[in-house]
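The structure file structure.pdb is reproduced below (PDB, C-alpha atoms).
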MODEL        1
ATOM      1  CA  MET A   1       0.000   0.000   0.000
ATOM      2  CA  THR A   2       1.402   3.364  -0.940
ATOM      3  CA  VAL A   3       0.193   6.489   0.767
ATOM      4  CA  SER A   4       1.266  10.065   0.955
ATOM      5  CA  LYS A   5       3.532  10.852   3.881
ATOM      6  CA  LYS A   6       1.245  13.748   4.633
ATOM      7  CA  ARG A   7      -1.478  11.287   5.629
ATOM      8  CA  THR A   8       0.706   9.309   8.016
ATOM      9  CA  ILE A   9       1.242   9.765  11.735
ATOM     10  CA  HIS A  10       4.516   8.354  12.954
ATOM     11  CA  THR A  11       4.052   6.456  16.178
ATOM     12  CA  VAL A  12       5.121   3.390  18.125
ATOM     13  CA  GLY A  13       2.961   0.267  18.013
ATOM     14  CA  PRO A  14       1.858  -1.667  21.117
ATOM     15  CA  SER A  15       4.870  -3.982  20.852
ATOM     16  CA  GLY A  16       7.211  -1.026  20.869
ATOM     17  CA  ARG A  17       8.110  -1.353  17.183
ATOM     18  CA  LYS A  18       8.167   1.702  15.016
ATOM     19  CA  ALA A  19       5.028   2.022  12.958
ATOM     20  CA  VAL A  20       2.865   4.549  11.264
ATOM     21  CA  ARG A  21      -0.827   5.012  11.731
ATOM     22  CA  ILE A  22      -2.879   6.344   8.874
ATOM     23  CA  ASP A  23      -6.192   8.001   9.276
ATOM     24  CA  LEU A  24      -8.552   5.363   7.939
ATOM     25  CA  PRO A  25     -11.962   4.297   9.311
ATOM     26  CA  ARG A  26     -10.322   1.178  10.783
ATOM     27  CA  GLN A  27      -7.235   2.752  12.275
ATOM     28  CA  THR A  28      -4.621   0.129  11.713
ATOM     29  CA  TYR A  29      -0.889   0.224  12.238
ATOM     30  CA  PHE A  30       1.379  -0.240   9.268
ATOM     31  CA  ASP A  31       5.084  -0.978   9.091
ATOM     32  CA  VAL A  32       7.176   1.239   6.876
ATOM     33  CA  ILE A  33       8.810  -1.164   4.437
ATOM     34  CA  MET A  34      10.661   1.057   2.055
ATOM     35  CA  THR A  35      10.827   4.576   0.878
ATOM     36  CA  HIS A  36       9.959   5.203  -2.722
ATOM     37  CA  ASP A  37      12.043   7.187  -5.061
ATOM     38  CA  ASP A  38       9.506   9.862  -4.466
ATOM     39  CA  PRO A  39      10.411  11.129  -0.968
ATOM     40  CA  ASP A  40       6.846  12.188  -0.326
ATOM     41  CA  HIS A  41       5.539   8.613  -0.433
ATOM     42  CA  VAL A  42       6.180   5.495   1.653
ATOM     43  CA  THR A  43       5.105   1.880   1.165
ATOM     44  CA  LEU A  44       3.174   0.459   4.072
ATOM     45  CA  VAL A  45       2.311  -3.093   5.045
ATOM     46  CA  GLU A  46      -0.448  -3.761   7.532
ATOM     47  CA  VAL A  47       0.839  -5.050  10.840
ATOM     48  CA  LYS A  48      -1.342  -7.809  12.238
ATOM     49  CA  TRP A  49      -0.124  -7.448  15.803
ATOM     50  CA  ALA A  50      -1.047  -3.865  16.108
ATOM     51  CA  PHE A  51      -4.697  -3.503  15.331
ATOM     52  CA  VAL A  52      -5.839  -0.455  17.178
ATOM     53  CA  PRO A  53      -9.522   0.220  17.668
ATOM     54  CA  THR A  54     -10.789   3.557  16.520
ATOM     55  CA  SER A  55     -10.887   6.410  19.000
ATOM     56  CA  PRO A  56     -13.456   6.053  21.810
ATOM     57  CA  ALA A  57     -15.551   8.966  20.569
ATOM     58  CA  HIS A  58     -15.665   7.532  17.058
ATOM     59  CA  ASP A  59     -16.451   4.092  18.481
ATOM     60  CA  HIS A  60     -19.320   5.407  20.602
ATOM     61  CA  GLY A  61     -20.770   7.265  17.640
ATOM     62  CA  ARG A  62     -20.545   4.246  15.364
ATOM     63  CA  LEU A  63     -22.142   1.875  17.874
ATOM     64  CA  PHE A  64     -24.869   4.412  18.573
ATOM     65  CA  LYS A  65     -25.655   4.674  14.875
ATOM     66  CA  ILE A  66     -25.796   0.888  14.379
ATOM     67  CA  LEU A  67     -28.080   0.332  17.372
ATOM     68  CA  THR A  68     -30.366   3.263  16.682
ATOM     69  CA  ASN A  69     -30.795   2.036  13.103
ATOM     70  CA  LEU A  70     -32.199  -1.132  14.647
ATOM     71  CA  VAL A  71     -34.557   0.909  16.850
ATOM     72  CA  ASP A  72     -35.596   2.917  13.803
ATOM     73  CA  PHE A  73     -36.372  -0.304  11.964
ATOM     74  CA  VAL A  74     -38.455  -1.813  14.771
ATOM     75  CA  LEU A  75     -40.503   1.146  16.042
ATOM     76  CA  ASP A  76     -42.981   3.385  14.252
ATOM     77  CA  PRO A  77     -41.486   6.679  12.962
ATOM     78  CA  ASP A  78     -42.659   8.988  15.804
ATOM     79  CA  SER A  79     -41.710   6.512  18.514
ATOM     80  CA  ALA A  80     -38.355   5.857  16.860
ATOM     81  CA  GLU A  81     -37.559   9.575  16.654
ATOM     82  CA  SER A  82     -38.365  10.252  20.304
ATOM     83  CA  THR A  83     -36.677   7.042  21.485
ATOM     84  CA  ILE A  84     -33.475   7.748  19.557
ATOM     85  CA  GLY A  85     -33.546  11.315  20.912
ATOM     86  CA  ASP A  86     -33.950  10.004  24.464
ATOM     87  CA  LEU A  87     -31.134   7.491  23.962
ATOM     88  CA  SER A  88     -28.932  10.193  22.470
ATOM     89  CA  GLU A  89     -29.581  12.565  25.382
ATOM     90  CA  HIS A  90     -28.938   9.931  28.038
ATOM     91  CA  TYR A  91     -26.078   8.183  26.240
ATOM     92  CA  ALA A  92     -24.166  11.472  25.962
ATOM     93  CA  ARG A  93     -24.554  11.901  29.728
ATOM     94  CA  ARG A  94     -23.429   8.324  30.373
ATOM     95  CA  VAL A  95     -20.401   8.575  28.103
ATOM     96  CA  ALA A  96     -19.314  11.660  30.035
ATOM     97  CA  GLU A  97     -19.855   9.979  33.426
ATOM     98  CA  ASP A  98     -18.743   6.417  32.785
ATOM     99  CA  PRO A  99     -17.373   5.828  29.287
ATOM    100  CA  GLY A 100     -16.220   2.289  30.122
ATOM    101  CA  HIS A 101     -19.720   0.947  30.678
ATOM    102  CA  ALA A 102     -21.720   3.272  28.438
ATOM    103  CA  LYS A 103     -21.612   0.933  25.444
ATOM    104  CA  TRP A 104     -22.971  -2.006  27.393
ATOM    105  CA  TRP A 105     -25.653   0.219  28.842
ATOM    106  CA  LEU A 106     -26.694   1.249  25.324
ATOM    107  CA  VAL A 107     -26.717  -2.355  24.074
ATOM    108  CA  ALA A 108     -28.858  -3.429  27.062
ATOM    109  CA  GLN A 109     -31.378  -0.610  26.507
ATOM    110  CA  VAL A 110     -31.745  -1.374  22.811
ATOM    111  CA  ILE A 111     -32.196  -5.099  23.512
ATOM    112  CA  ARG A 112     -34.856  -4.216  26.100
ATOM    113  CA  ILE A 113     -36.698  -1.923  23.665
ATOM    114  CA  ILE A 114     -36.611  -4.448  20.823
ATOM    115  CA  SER A 115     -37.578  -7.398  23.014
ATOM    116  CA  GLY A 116     -40.433  -5.343  24.502
ATOM    117  CA  ARG A 117     -41.705  -4.601  21.005
ATOM    118  CA  ALA A 118     -41.344  -8.245  19.985
ATOM    119  CA  LEU A 119     -43.331  -9.344  23.060
ATOM    120  CA  ASP A 120     -46.086  -6.831  22.220
ATOM    121  CA  VAL A 121     -46.323  -8.128  18.648
ATOM    122  CA  PHE A 122     -46.373 -11.712  19.914
ATOM    123  CA  GLY A 123     -49.095 -10.807  22.438
ATOM    124  CA  HIS A 124     -51.240  -9.201  19.703
ATOM    125  CA  PHE A 125     -50.748 -12.252  17.519
ATOM    126  CA  MET A 126     -51.752 -14.669  20.286
ATOM    127  CA  ARG A 127     -54.824 -12.605  21.222
ATOM    128  CA  ALA A 128     -55.858 -12.487  17.559
ATOM    129  CA  ARG A 129     -55.439 -16.251  17.305
ATOM    130  CA  MET A 130     -57.603 -16.772  20.355
ATOM    131  CA  GLY A 131     -60.194 -14.419  18.860
ATOM    132  CA  LYS A 132     -59.992 -11.823  21.643
TER
ATOM    133  CA  MET B   1     -60.753  -1.632  36.623
ATOM    134  CA  GLU B   2     -57.546  -2.838  34.991
ATOM    135  CA  GLU B   3     -54.770  -3.399  37.526
ATOM    136  CA  LEU B   4     -51.464  -1.569  37.340
ATOM    137  CA  GLY B   5     -48.369  -3.741  37.137
ATOM    138  CA  LYS B   6     -45.608  -3.545  39.747
ATOM    139  CA  PHE B   7     -43.449  -1.215  37.672
ATOM    140  CA  GLU B   8     -46.355   0.544  35.963
ATOM    141  CA  LEU B   9     -47.404   2.300  39.173
ATOM    142  CA  PRO B  10     -44.147   4.259  39.756
ATOM    143  CA  VAL B  11     -43.966   5.144  36.053
ATOM    144  CA  LEU B  12     -47.562   6.395  36.004
ATOM    145  CA  ALA B  13     -46.961   8.335  39.234
ATOM    146  CA  ALA B  14     -43.807   9.891  37.727
ATOM    147  CA  VAL B  15     -45.758  11.062  34.660
ATOM    148  CA  ALA B  16     -48.375  12.584  36.981
ATOM    149  CA  ARG B  17     -45.665  14.289  39.042
ATOM    150  CA  LEU B  18     -43.804  15.697  36.033
ATOM    151  CA  ARG B  19     -46.934  17.396  34.626
ATOM    152  CA  GLY B  20     -46.242  18.434  31.056
ATOM    153  CA  ASN B  21     -42.541  17.580  31.129
ATOM    154  CA  ALA B  22     -42.860  13.807  31.145
ATOM    155  CA  TYR B  23     -40.789  12.266  28.367
ATOM    156  CA  GLY B  24     -38.562   9.172  28.356
ATOM    157  CA  VAL B  25     -35.447  10.549  30.074
ATOM    158  CA  SER B  26     -37.253  12.755  32.616
ATOM    159  CA  VAL B  27     -39.541   9.861  33.595
ATOM    160  CA  MET B  28     -36.532   7.552  33.954
ATOM    161  CA  ASP B  29     -34.722  10.091  36.167
ATOM    162  CA  GLU B  30     -37.826  10.643  38.298
ATOM    163  CA  VAL B  31     -38.470   6.915  38.786
ATOM    164  CA  SER B  32     -34.774   6.295  39.592
ATOM    165  CA  LYS B  33     -34.841   9.102  42.182
ATOM    166  CA  ARG B  34     -38.013   7.835  43.859
ATOM    167  CA  GLU B  35     -37.089   4.159  43.754
ATOM    168  CA  GLY B  36     -33.575   4.841  45.012
ATOM    169  CA  ARG B  37     -32.008   2.672  42.329
ATOM    170  CA  GLU B  38     -30.995   3.001  38.724
ATOM    171  CA  VAL B  39     -33.795   2.180  36.328
ATOM    172  CA  GLY B  40     -33.015   1.315  32.702
ATOM    173  CA  TYR B  41     -34.305   3.532  29.931
ATOM    174  CA  GLY B  42     -35.472   0.506  27.940
ATOM    175  CA  THR B  43     -37.665  -0.674  30.817
ATOM    176  CA  VAL B  44     -39.237   2.774  31.191
ATOM    177  CA  HIS B  45     -39.792   3.045  27.438
ATOM    178  CA  VAL B  46     -41.532  -0.342  27.260
ATOM    179  CA  THR B  47     -43.678   0.496  30.314
ATOM    180  CA  LEU B  48     -44.716   3.894  28.913
ATOM    181  CA  ASP B  49     -45.739   2.197  25.661
ATOM    182  CA  ARG B  50     -47.736  -0.431  27.547
ATOM    183  CA  LEU B  51     -49.500   2.192  29.669
ATOM    184  CA  LYS B  52     -50.407   4.047  26.484
ATOM    185  CA  VAL B  53     -51.832   0.904  24.888
ATOM    186  CA  LYS B  54     -53.873   0.276  28.072
ATOM    187  CA  GLY B  55     -55.295   3.800  27.780
ATOM    188  CA  PHE B  56     -53.698   5.197  30.960
ATOM    189  CA  LEU B  57     -51.522   7.630  29.052
ATOM    190  CA  THR B  58     -51.704   9.763  25.958
ATOM    191  CA  SER B  59     -48.751  11.239  24.096
ATOM    192  CA  LYS B  60     -47.923  14.158  21.850
ATOM    193  CA  MET B  61     -44.759  15.092  20.003
ATOM    194  CA  GLY B  62     -42.851  18.203  21.132
ATOM    195  CA  GLU B  63     -40.525  20.526  19.280
ATOM    196  CA  PRO B  64     -37.080  19.426  18.029
ATOM    197  CA  THR B  65     -34.195  20.399  20.325
ATOM    198  CA  ALA B  66     -30.514  20.819  19.494
ATOM    199  CA  GLU B  67     -29.280  18.752  22.464
ATOM    200  CA  ARG B  68     -31.065  15.732  20.995
ATOM    201  CA  GLY B  69     -29.699  16.197  17.494
ATOM    202  CA  GLY B  70     -32.891  17.873  16.286
ATOM    203  CA  ARG B  71     -35.113  15.016  17.362
ATOM    204  CA  ARG B  72     -38.470  15.672  18.966
ATOM    205  CA  LYS B  73     -39.510  14.535  22.443
ATOM    206  CA  LYS B  74     -42.635  12.498  23.023
ATOM    207  CA  PHE B  75     -44.484  13.986  25.993
ATOM    208  CA  TYR B  76     -46.839  11.798  28.004
ATOM    209  CA  GLU B  77     -49.921  12.872  29.931
ATOM    210  CA  LEU B  78     -52.355  11.030  32.150
ATOM    211  CA  THR B  79     -55.787  10.238  30.735
ATOM    212  CA  GLY B  80     -58.921  10.121  32.895
ATOM    213  CA  LYS B  81     -58.503   6.349  33.085
ATOM    214  CA  GLY B  82     -54.900   6.800  34.189
ATOM    215  CA  GLU B  83     -55.868   9.237  36.925
ATOM    216  CA  ALA B  84     -58.564   6.851  38.147
ATOM    217  CA  ALA B  85     -56.094   3.931  38.180
ATOM    218  CA  LEU B  86     -53.538   5.975  40.118
ATOM    219  CA  SER B  87     -56.149   7.123  42.583
ATOM    220  CA  ALA B  88     -57.399   3.545  43.056
ATOM    221  CA  ALA B  89     -53.840   2.330  43.632
ATOM    222  CA  TRP B  90     -53.362   5.011  46.298
ATOM    223  CA  SER B  91     -56.581   4.010  48.086
ATOM    224  CA  ARG B  92     -55.523   0.358  48.000
ATOM    225  CA  HIS B  93     -52.105   1.267  49.334
ATOM    226  CA  GLU B  94     -53.644   3.237  52.207
ATOM    227  CA  ALA B  95     -56.032   0.368  52.961
ATOM    228  CA  ASP B  96     -53.083  -2.063  53.100
ATOM    229  CA  PHE B  97     -51.370   0.060  55.745
ATOM    230  CA  ALA B  98     -54.468   1.012  57.727
ATOM    231  CA  GLY B  99     -54.051   0.400  61.467
ATOM    232  CA  LEU B 100     -50.284   0.292  61.248
ATOM    233  CA  GLY B 101     -49.721   3.803  62.610
ATOM    234  CA  TRP B 102     -47.077   2.485  65.030
ATOM    235  CA  LEU B 103     -44.970   1.297  62.107
ATOM    236  CA  LYS B 104     -42.723   4.020  60.671
ATOM    237  CA  PRO B 105     -41.617   3.947  57.030
ATOM    238  CA  ALA B 106     -37.961   2.902  56.573
ATOM    239  CA  GLY B 107     -35.645   5.912  56.771
ATOM    240  CA  ALA B 108     -38.218   8.134  58.513
TER
ENDMDL
END
I need this file expressed as structure tokens, please.
Amino acid sequence: MTVSKKRTIHTVGPSGRKAVRIDLPRQTYFDVIMTHDDPDHVTLVEVKWAFVPTSPAHDHGRLFKILTNLVDFVLDPDSAESTIGDLSEHYARRVAEDPGHAKWWLVAQVIRIISGRALDVFGHFMRARMGK
Amino acid sequence: MEELGKFELPVLAAVARLRGNAYGVSVMDEVSKREGREVGYGTVHVTLDRLKVKGFLTSKMGEPTAERGGRRKKFYELTGKGEAALSAAWSRHEADFAGLGWLKPAGA
């Protein structure tokens, strides 16, 4: 992989080896293998030992988007909008207070919302079957 | 009259207490404060929905706010049936504790 030096951040990987990190969605460490004739470019090879998760803020945002898409899919539009707004308001507070557990909190809330909806649908279905 | 579930009563009471400002997060905070323990948003959301289906609550959408990324709040209000259910639950609660004047509530 060849990238512009301008896009690279020189750093040290978790094992202490010299590496560069480039600003990609999956921030992954690369080893510098050789310098091209063009001094502005370097050739990079992905380093398997040094996968680095994206920044916490980016991670929180991405997880929030994935889970709220699920909520959006399951609930009716008005409910989904208010629920996602509520989750956004409270999740921001939780990330500020306790970032380590905020993700699990969000996952648990979304599971609860979706399972509650599924139980309601199942209940309606059973009542309809019984003719009530 | 339809009975209120164990968790439905504090949620309905929180909506009544919040008068006009009862939406998901404020109800969750109010219930957590009163119950003295952390209550999950998902549980409150599901309970509010159930109370609405039972006819104890009604809802209306508010205005979009910046702090919520432009999303609107859903405000809940008690219906006549909800008020009656809450009032009946209170009477039942008082009846349960009638004659126990010597017993003080925990923490009093």
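Of note, CA of Thr79 (chain B) and CA of Glu3 (chain B) are spaced 15.3 Å apart.
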Problem set entry | For Gly62 (chain B), the nearest of the candidates B:Tyr41, B:Tyr23, B:Phe97, B:Trp90, counting all atoms listed in the file |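 The answer is B:Tyr23, which sits nearest to Gly62 (chain B).
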Problem set entry | Distance filter 12 Å, only C-alpha atoms, chain A against chain B, as a VMD selection string | chain A and resid 71 75 to 94 104 to 121 123 to 124
Can those selected residues be exported to a file as a tab-separated table (two decimals), keeping the file's coordinate frame so that it contains C-alpha atoms?
chain	number	residue	atom	x	y	z
A	71	VAL	CA	-34.56	0.91	16.85
A	75	LEU	CA	-40.50	1.15	16.04
A	76	ASP	CA	-42.98	3.38	14.25
A	77	PRO	CA	-41.49	6.68	12.96
A	78	ASP	CA	-42.66	8.99	15.80
A	79	SER	CA	-41.71	6.51	18.51
A	80	ALA	CA	-38.35	5.86	16.86
A	81	GLU	CA	-37.56	9.57	16.65
A	82	SER	CA	-38.36	10.25	20.30
A	83	THR	CA	-36.68	7.04	21.48
A	84	ILE	CA	-33.48	7.75	19.56
A	85	GLY	CA	-33.55	11.32	20.91
A	86	ASP	CA	-33.95	10.00	24.46
A	87	LEU	CA	-31.13	7.49	23.96
A	88	SER	CA	-28.93	10.19	22.47
A	89	GLU	CA	-29.58	12.56	25.38
A	90	HIS	CA	-28.94	9.93	28.04
A	91	TYR	CA	-26.08	8.18	26.24
A	92	ALA	CA	-24.17	11.47	25.96
A	93	ARG	CA	-24.55	11.90	29.73
A	94	ARG	CA	-23.43	8.32	30.37
A	104	TRP	CA	-22.97	-2.01	27.39
A	105	TRP	CA	-25.65	0.22	28.84
A	106	LEU	CA	-26.69	1.25	25.32
A	107	VAL	CA	-26.72	-2.36	24.07
A	108	ALA	CA	-28.86	-3.43	27.06
A	109	GLN	CA	-31.38	-0.61	26.51
A	110	VAL	CA	-31.74	-1.37	22.81
A	111	ILE	CA	-32.20	-5.10	23.51
A	112	ARG	CA	-34.86	-4.22	26.10
A	113	ILE	CA	-36.70	-1.92	23.66
A	114	ILE	CA	-36.61	-4.45	20.82
A	115	SER	CA	-37.58	-7.40	23.01
A	116	GLY	CA	-40.43	-5.34	24.50
A	117	ARG	CA	-41.70	-4.60	21.00
A	118	ALA	CA	-41.34	-8.24	19.98
A	119	LEU	CA	-43.33	-9.34	23.06
A	120	ASP	CA	-46.09	-6.83	22.22
A	121	VAL	CA	-46.32	-8.13	18.65
A	123	GLY	CA	-49.10	-10.81	22.44
A	124	HIS	CA	-51.24	-9.20	19.70
Problem set entry | All residues 10 Å or closer to Arg19 (chain B), only C-alpha atoms, same chain fewer than 6 positions away omitted, as a list of chain:residue names | B:Phe75, B:Tyr76, B:Glu77, B:Leu78
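What separates CA of Gly80 (chain B) from CA of Leu57 (chain B) is a distance of 8.7 Å.
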Problem set entry | Point-to-point distance in Å for CA of Arg37 (chain B) and CA of Lys81 (chain B) |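 Taking CA of Lys81 (chain B) as the start and CA of Arg37 (chain B) as the end point, the length is 28.3 Å.
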